[in-house]
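Asks: So here's coords-v5.tsv (TSV, C-alpha atoms).
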```tsv
chain	number	residue	atom	x	y	z
P	101	MET	CA	-51.06	-58.57	115.33
P	102	LEU	CA	-50.34	-61.74	113.33
P	103	VAL	CA	-52.89	-64.43	112.49
P	104	VAL	CA	-52.13	-67.42	110.26
P	105	GLU	CA	-55.06	-69.61	109.24
P	106	GLN	CA	-54.88	-72.96	107.46
P	107	LEU	CA	-51.74	-72.00	105.54
P	108	CYS	CA	-50.61	-74.52	102.92
P	109	LYS	CA	-47.52	-74.56	100.73
P	110	SER	CA	-46.12	-77.25	98.42
P	111	PHE	CA	-43.14	-77.38	96.10
P	112	THR	CA	-42.70	-79.21	92.81
P	113	THR	CA	-39.71	-81.58	92.71
P	114	ALA	CA	-38.40	-84.14	90.26
P	115	GLN	CA	-40.20	-86.76	92.34
P	116	GLY	CA	-43.51	-84.87	92.24
P	117	THR	CA	-45.35	-82.48	94.55
P	118	LEU	CA	-43.82	-82.09	98.02
P	119	PRO	CA	-46.27	-80.71	100.64
P	120	VAL	CA	-44.42	-78.70	103.29
P	121	LEU	CA	-47.10	-76.72	105.16
P	122	GLN	CA	-50.45	-78.47	105.48
P	123	GLY	CA	-52.84	-76.21	107.34
P	124	VAL	CA	-50.68	-74.11	109.66
P	125	ASP	CA	-52.53	-72.04	112.29
P	126	LEU	CA	-50.64	-69.46	114.34
P	127	ARG	CA	-51.36	-66.35	116.41
P	128	LEU	CA	-48.95	-63.78	117.76
P	129	ALA	CA	-50.08	-60.84	119.89
P	130	ARG	CA	-48.52	-57.41	119.54
P	131	GLY	CA	-45.38	-57.08	121.63
P	132	SER	CA	-45.10	-60.81	122.36
P	133	SER	CA	-42.47	-63.39	121.44
P	134	LEU	CA	-42.84	-66.88	119.99
P	135	ALA	CA	-40.25	-69.59	119.38
P	136	LEU	CA	-40.99	-71.89	116.43
P	137	MET	CA	-39.29	-75.27	116.68
P	138	GLY	CA	-39.18	-78.34	114.47
P	139	GLU	CA	-36.85	-80.75	112.71
P	140	SER	CA	-34.81	-79.71	109.67
P	141	GLY	CA	-37.04	-79.72	106.62
P	142	SER	CA	-40.23	-79.25	108.65
P	143	GLY	CA	-41.03	-75.98	106.89
P	144	LYS	CA	-39.94	-73.39	109.47
P	145	SER	CA	-38.00	-71.25	107.01
P	146	THR	CA	-40.75	-71.67	104.41
P	147	LEU	CA	-43.24	-70.22	106.90
P	148	LEU	CA	-40.96	-67.25	107.60
P	149	HIS	CA	-40.60	-66.59	103.86
P	150	LEU	CA	-44.40	-66.53	103.50
P	151	LEU	CA	-44.76	-64.15	106.46
P	152	ALA	CA	-42.12	-61.88	104.93
P	153	GLY	CA	-43.91	-61.82	101.59
P	154	LEU	CA	-40.95	-63.47	99.87
P	155	ASP	CA	-43.17	-66.28	98.60
P	156	ARG	CA	-46.90	-66.89	98.25
P	157	ALA	CA	-48.94	-69.63	99.89
P	158	ASP	CA	-51.02	-72.12	97.91
P	159	SER	CA	-54.00	-71.52	100.21
P	160	GLY	CA	-54.88	-70.17	103.63
P	161	ARG	CA	-54.57	-66.67	105.06
P	162	ILE	CA	-52.01	-64.42	106.71
P	163	LEU	CA	-53.51	-61.43	108.53
P	164	ILE	CA	-51.48	-58.48	109.80
P	165	ASP	CA	-53.58	-56.31	112.13
P	166	ASP	CA	-56.67	-57.90	110.53
P	167	GLU	CA	-55.49	-56.99	107.01
P	168	PRO	CA	-54.68	-59.88	104.61
P	169	LEU	CA	-51.08	-60.17	103.43
P	170	ASP	CA	-51.92	-62.63	100.66
P	171	GLY	CA	-53.33	-60.99	97.57
P	172	ARG	CA	-51.24	-57.83	97.96
P	173	SER	CA	-49.38	-56.56	94.92
P	174	GLU	CA	-45.63	-57.02	94.61
P	175	ALA	CA	-45.21	-53.31	95.36
P	176	ALA	CA	-47.27	-53.64	98.54
P	177	LEU	CA	-45.29	-56.71	99.62
P	178	ALA	CA	-42.03	-54.81	99.03
P	179	ARG	CA	-43.37	-51.99	101.21
P	180	TRP	CA	-44.24	-54.56	103.93
P	181	ARG	CA	-40.67	-55.88	103.81
P	182	ARG	CA	-39.23	-52.35	104.04
P	183	GLN	CA	-41.46	-50.97	106.76
P	184	GLY	CA	-43.36	-53.75	108.52
P	185	ILE	CA	-40.77	-56.38	109.31
P	186	GLY	CA	-37.17	-56.84	110.35
P	187	LEU	CA	-35.24	-59.93	109.28
P	188	VAL	CA	-32.35	-61.57	111.13
P	189	PHE	CA	-30.66	-64.64	109.64
P	190	GLN	CA	-28.03	-67.08	110.84
P	191	GLN	CA	-25.63	-65.92	108.09
P	192	TYR	CA	-25.87	-62.20	109.10
P	193	ASN	CA	-26.28	-61.00	105.45
P	194	LEU	CA	-24.50	-57.70	106.05
P	195	ILE	CA	-23.51	-55.55	103.08
P	196	SER	CA	-19.78	-56.06	102.73
P	197	SER	CA	-19.13	-52.72	100.99
P	198	LEU	CA	-20.72	-50.72	103.84
P	199	ASP	CA	-19.19	-50.04	107.24
P	200	VAL	CA	-21.01	-50.84	110.49
P	201	ALA	CA	-22.63	-47.41	110.75
P	202	ALA	CA	-24.06	-47.64	107.23
P	203	ASN	CA	-25.18	-51.24	107.70
P	204	LEU	CA	-27.01	-50.28	110.90
P	205	ALA	CA	-28.82	-47.41	109.18
P	206	PHE	CA	-29.57	-49.23	105.92
P	207	GLN	CA	-33.03	-50.65	106.69
P	208	ALA	CA	-34.27	-47.56	108.52
P	209	ARG	CA	-33.22	-45.27	105.67
P	210	LEU	CA	-34.83	-47.60	103.14
P	211	ALA	CA	-38.06	-47.47	105.15
P	212	GLY	CA	-37.86	-43.69	105.59
P	213	ARG	CA	-37.74	-44.12	109.36
P	214	PHE	CA	-34.19	-43.25	110.33
P	215	GLU	CA	-34.02	-41.80	113.85
P	216	ALA	CA	-30.56	-40.62	114.93
P	217	ARG	CA	-31.36	-40.91	118.65
P	218	TRP	CA	-32.71	-44.49	118.35
P	219	GLN	CA	-29.78	-45.43	116.11
P	220	ASP	CA	-27.34	-44.10	118.68
P	221	TYR	CA	-29.13	-46.00	121.45
P	222	LEU	CA	-29.04	-49.26	119.49
P	223	THR	CA	-25.35	-48.74	118.76
P	224	ARG	CA	-24.49	-48.29	122.42
P	225	GLN	CA	-26.70	-51.10	123.71
P	226	LEU	CA	-25.25	-53.54	121.17
P	227	GLY	CA	-21.68	-52.59	122.09
P	228	LEU	CA	-20.87	-51.30	118.60
P	229	ALA	CA	-19.90	-47.69	119.35
P	230	ASP	CA	-16.19	-48.35	118.80
P	231	LEU	CA	-16.75	-50.41	115.64
P	232	LEU	CA	-18.75	-48.01	113.47
P	233	GLN	CA	-15.98	-47.47	110.93
P	234	ARG	CA	-15.16	-51.15	110.52
P	235	TYR	CA	-16.42	-53.39	107.73
P	236	PRO	CA	-18.18	-56.76	108.21
P	237	GLU	CA	-15.05	-58.76	107.39
P	238	GLN	CA	-13.27	-57.06	110.28
P	239	LEU	CA	-15.84	-58.24	112.85
P	240	SER	CA	-16.29	-61.44	114.81
P	241	GLY	CA	-19.39	-63.57	114.26
P	242	GLY	CA	-21.03	-62.25	117.41
P	243	GLN	CA	-20.32	-58.64	116.41
P	244	GLN	CA	-21.75	-59.21	112.94
P	245	GLN	CA	-24.93	-60.66	114.41
P	246	ARG	CA	-25.29	-57.64	116.69
P	247	VAL	CA	-25.07	-55.39	113.64
P	248	ALA	CA	-27.72	-57.52	111.90
P	249	ILE	CA	-30.04	-57.21	114.90
P	250	GLY	CA	-29.51	-53.46	115.10
P	251	ARG	CA	-30.19	-53.08	111.37
P	252	ALA	CA	-33.42	-55.10	111.68
P	253	LEU	CA	-34.70	-53.05	114.63
P	254	ALA	CA	-33.58	-49.61	113.46
P	255	ALA	CA	-36.91	-48.97	111.70
P	256	ARG	CA	-38.92	-50.20	114.72
P	257	PRO	CA	-40.73	-52.90	112.71
P	258	ALA	CA	-44.05	-54.32	113.84
P	259	LEU	CA	-42.66	-57.84	113.47
P	260	LEU	CA	-39.13	-59.23	113.79
P	261	LEU	CA	-38.57	-62.56	112.01
P	262	ALA	CA	-35.42	-64.32	113.21
P	263	ASP	CA	-34.26	-67.54	111.51
P	264	GLU	CA	-31.75	-69.33	113.79
P	265	PRO	CA	-30.23	-65.94	114.69
P	266	THR	CA	-27.59	-67.44	117.01
P	267	GLY	CA	-27.09	-70.75	115.20
P	268	SER	CA	-23.51	-70.01	114.19
P	269	LEU	CA	-22.42	-68.73	117.61
P	270	ASP	CA	-21.09	-70.56	120.64
P	271	GLU	CA	-23.39	-71.03	123.64
P	272	ALA	CA	-22.12	-68.05	125.64
P	273	SER	CA	-22.34	-65.70	122.66
P	274	SER	CA	-25.78	-67.10	121.77
P	275	ASP	CA	-27.15	-66.32	125.22
P	276	GLN	CA	-25.72	-62.82	125.19
P	277	VAL	CA	-26.95	-61.97	121.69
P	278	LEU	CA	-30.44	-63.37	122.35
P	279	GLU	CA	-30.74	-61.43	125.61
P	280	LEU	CA	-29.83	-58.22	123.80
P	281	MET	CA	-32.21	-58.97	120.94
P	282	LEU	CA	-35.19	-59.61	123.24
P	283	GLN	CA	-34.46	-56.50	125.29
P	284	LEU	CA	-34.29	-54.28	122.21
P	285	VAL	CA	-37.34	-55.92	120.62
P	286	ALA	CA	-39.33	-54.98	123.72
P	287	GLU	CA	-38.03	-51.42	123.65
P	288	ALA	CA	-38.83	-51.10	119.94
P	289	GLY	CA	-42.39	-52.28	120.61
P	290	SER	CA	-42.02	-55.14	118.12
P	291	SER	CA	-43.32	-58.71	118.16
P	292	VAL	CA	-40.82	-61.49	117.44
P	293	LEU	CA	-41.12	-64.89	115.81
P	294	MET	CA	-37.88	-66.84	116.14
P	295	VAL	CA	-37.02	-70.13	114.49
P	296	THR	CA	-34.65	-72.19	116.62
P	297	HIS	CA	-33.49	-75.76	117.13
P	298	SER	CA	-32.50	-74.98	120.71
P	299	GLN	CA	-34.92	-75.87	123.49
P	300	ARG	CA	-32.76	-73.84	125.86
P	301	LEU	CA	-33.12	-70.67	123.77
P	302	ALA	CA	-36.79	-71.32	123.02
P	303	LEU	CA	-37.55	-71.27	126.74
P	304	ARG	CA	-36.39	-67.64	126.86
P	305	LEU	CA	-39.37	-66.58	124.74
P	306	GLU	CA	-42.93	-66.15	126.01
P	307	GLN	CA	-44.51	-68.83	123.82
P	308	ARG	CA	-43.31	-71.95	122.05
P	309	CYS	CA	-44.78	-74.13	119.33
P	310	LEU	CA	-43.64	-77.09	117.26
P	311	LEU	CA	-43.97	-77.41	113.49
P	312	GLN	CA	-44.54	-81.08	112.77
P	313	ASP	CA	-46.16	-82.92	109.85
P	314	GLY	CA	-46.93	-79.61	108.20
P	315	ARG	CA	-48.92	-78.26	111.17
P	316	VAL	CA	-48.21	-76.28	114.31
P	317	GLN	CA	-48.46	-78.01	117.69
P	318	ASP	CA	-48.92	-75.55	120.55
P	319	GLY	CA	-46.99	-75.55	123.78
P	320	ALA	CA	-43.72	-77.16	122.69
P	321	GLY	CA	-41.29	-77.27	125.57
P	322	ARG	CA	-43.86	-76.55	128.27
```
Could you rewrite the structure in this file as C-alpha cells?
Replies:
Amino acid sequence: MLVVEQLCKSFTTAQGTLPVLQGVDLRLARGSSLALMGESGSGKSTLLHLLAGLDRADSGRILIDDEPLDGRSEAALARWRRQGIGLVFQQYNLISSLDVAANLAFQARLAGRFEARWQDYLTRQLGLADLLQRYPEQLSGGQQQRVAIGRALAARPALLLADEPTGSLDEASSDQVLELMLQLVAEAGSSVLMVTHSQRLALRLEQRCLLQDGRVQDGAGR
C-alpha cells in the first residue's frame, strides 16, 4: 500500500545545503510491519514527516495505493493526516485539557470515523477502562503511551507511523506496549512503519531496514 521511490530531501543551514535523504526506496505491503533503523540524524524522522504529508520532498515519489501523495493540495494532505494515517510519538503528545476518554476519541471524531464498539474494545485491550476520567498528567508514561496508541488506531488508519513509540519507557514497559500496539494494528487492518533504535524491538516486526547515507539498506538485523 506504500511505495517510496528515489525520495530526496535537503535542508538549508547556515553552513549551506544539508542533504538528508538521497534517493530513498521503500515498499510496505498492506497489513505488514516494517522497522526503520539508523543512527541519530540519519533522516528517519524526516522520512516519517514526508509520509505524513507534514513536509514535501525535493524530488522522488510517495505512492499510497498507487496514488501519488506528492502534488496533493494542502487540504488533501490534511485529509490524509485525518483519515489515512495514525501517528504515535515518543513524547505521547496527548491533549492536556482532555481526559483519557476524549483523547482516545479525538482522532476518530476528527476523521468522522468514531465507532463506539471499537473504541470500547481498544479501551479494554489497552487496560484503560478504569482511567477514562483521568487527565494525561495523572497517568504514568506507559499509560500515556497506551492512550496515544489507542487514539492513533481509533479511526482504523491505513498506515500507522510510530516514531520511537517506546523510547521513553523502560524495557519491560516497552515490550508490553509494543506487543499491544502490534496486536491492535493487526486487528485494525493497518500497516505499520516504526522508527526505532532498538534491534531487540525491531526484530518483533516482520521486516527491517536501515537508513544509512541517505538511502535505505534492506534486511537490517537479519
Asks: For Val104 of chain P, which residue among P:Met137, P:Leu169, P:Ile185, P:Leu154 is the nearest when counting all atoms listed in the file?
Replies: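 Of P:Met137, P:Leu169, P:Ile185, P:Leu154, the one nearest Val104 of chain P, counting all atoms listed in the file, is P:Leu169.
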Asks: Using 12 Å as the limit and counting all atoms listed in the file, can you tabulate each residue of segment 163-281 of chain P that touches segment 139-149 of chain P, with its shortest atom-to-atom distance in Å and the two atoms involved, as a Markdown table?
Replies:
```
| residue | atom | partner | partner_atom | distance |
| --- | --- | --- | --- | --- |
| P:Leu177 | CA | P:His149 | CA | 11.7 |
| P:Arg181 | CA | P:His149 | CA | 10.7 |
| P:Ile185 | CA | P:Leu148 | CA | 11.0 |
| P:Gly186 | CA | P:Leu148 | CA | 11.4 |
| P:Leu187 | CA | P:Leu148 | CA | 9.4 |
| P:Val188 | CA | P:Leu148 | CA | 10.9 |
| P:Phe189 | CA | P:Ser145 | CA | 10.2 |
| P:Gln190 | CA | P:Ser145 | CA | 11.5 |
| P:Leu259 | CA | P:Leu148 | CA | 11.2 |
| P:Leu260 | CA | P:Leu148 | CA | 10.3 |
| P:Leu261 | CA | P:Leu148 | CA | 6.9 |
| P:Ala262 | CA | P:Leu148 | CA | 8.4 |
| P:Asp263 | CA | P:Ser145 | CA | 6.9 |
| P:Glu264 | CA | P:Ser145 | CA | 9.4 |
```
Asks: Would you work out the distance separating atom CA of Ile162 of chain P from atom CA of Arg251 of chain P, expressed in Å to one decimal?
Replies: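 The value is 25.0 Å.
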Asks: Using only C-alpha atoms, which of the listed residues (P:Gln225, P:Ser197, P:Ser133, P:Gln276) sits closest to Gly250 of chain P?
Replies: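 Among the listed residues, the smallest separation from Gly250 of chain P belongs to P:Gln225.
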Asks: Please determine, counting only C-alpha atoms, which residue among P:Leu226, P:Leu134, P:Leu102, P:Leu121 has the shortest atom-to-atom distance to Glu306 of chain P.
Replies: P:Leu134
Asks: Go through P:Ala178, P:Leu305, P:Ala152, P:Leu311 one by one, measure the shortest atom-to-atom distance of each to Leu278 of chain P using only C-alpha atoms, and give the residue with the smallest value.
Replies: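 Using only C-alpha atoms, the shortest distance to Leu278 of chain P belongs to P:Leu305.
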Asks: Show which residues sit within 12 Å of Leu239 of chain P, as a list of chain:residue names. Count all atoms listed in the file, and ignore same-chain residues fewer than 3 positions away.
Replies: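 The neighbour list is P:Tyr192, P:Leu194, P:Ser196, P:Asp199, P:Val200, P:Leu228, P:Asp230, P:Leu231, P:Leu232, P:Gln233, P:Arg234, P:Tyr235, P:Pro236, P:Gly242, P:Gln243, P:Gln244, P:Gln245, P:Arg246, P:Val247, P:Ala248.
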Asks: Would you mind reading off the distance between atom CA of Leu163 of chain P and atom CA of Phe111 of chain P, one decimal, in Å?
Replies: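 So the answer is 22.7 Å.
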Asks: Would you compute the distance between atom CA of Arg179 of chain P and atom CA of Leu253 of chain P? Give it in Å to one decimal.
Replies: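 The value is 16.0 Å.
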Asks: Closest to Leu269 of chain P among P:Gly153, P:Thr113, P:Asp166, P:Gly241, using only C-alpha atoms?
Replies: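 Ranking P:Gly153, P:Thr113, P:Asp166, P:Gly241 by distance to Leu269 of chain P, first place goes to P:Gly241.
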Asks: Can you pull out every residue within 9 Å of Pro119 of chain P, counting all atoms listed in the file, but drop anything in the same chain fewer than 5 positions away, and send it as a ChimeraX atom specification?
Replies: /P:108-112,314
Asks: Just the residues within 10 Å of Tyr221 of chain P, please, counting all atoms listed in the file, with nothing from its chain fewer than 5 positions along; format it as a tab-separated table (two decimals) with C-alpha atoms, in the frame of the given file.
Replies:
```tsv
chain	number	residue	atom	x	y	z
P	215	GLU	CA	-34.02	-41.80	113.85
P	216	ALA	CA	-30.56	-40.62	114.93
P	226	LEU	CA	-25.25	-53.54	121.17
P	227	GLY	CA	-21.68	-52.59	122.09
P	229	ALA	CA	-19.90	-47.69	119.35
P	250	GLY	CA	-29.51	-53.46	115.10
P	254	ALA	CA	-33.58	-49.61	113.46
P	284	LEU	CA	-34.29	-54.28	122.21
```
Asks: So which one's closest to Arg130 of chain P, P:Arg308, P:Ser173, P:Gly160, P:Met101? Using only C-alpha atoms, please.
Replies: P:Met101
Asks: For a quick check of your reading of the model, name the residues lying within 12 Å of the coordinate (-35.4, -61.4, 126.5), counting all atoms listed in the file, and write them as a list in words.
Replies: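 These residues have at least one counted atom within 12 Å: Gly131, Ser132, Ser133, Leu134, Ala135, Asp275, Gln276, Val277, Leu278, Glu279, Leu280, Met281, Leu282, Gln283, Leu284, Val285, Ala286, Glu287, Ser291, Val292, Met294, Leu301, Ala302, Leu303, Arg304, Leu305 and Glu306 of chain P.
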Asks: If I put a ball of radius 6 Å at (-26.1, -46.8, 113.1) in the file's coordinates, which residues poke into it when counting only C-alpha atoms, written as an MDAnalysis selection string?
Replies: chainID P and resid 201 204:205 219
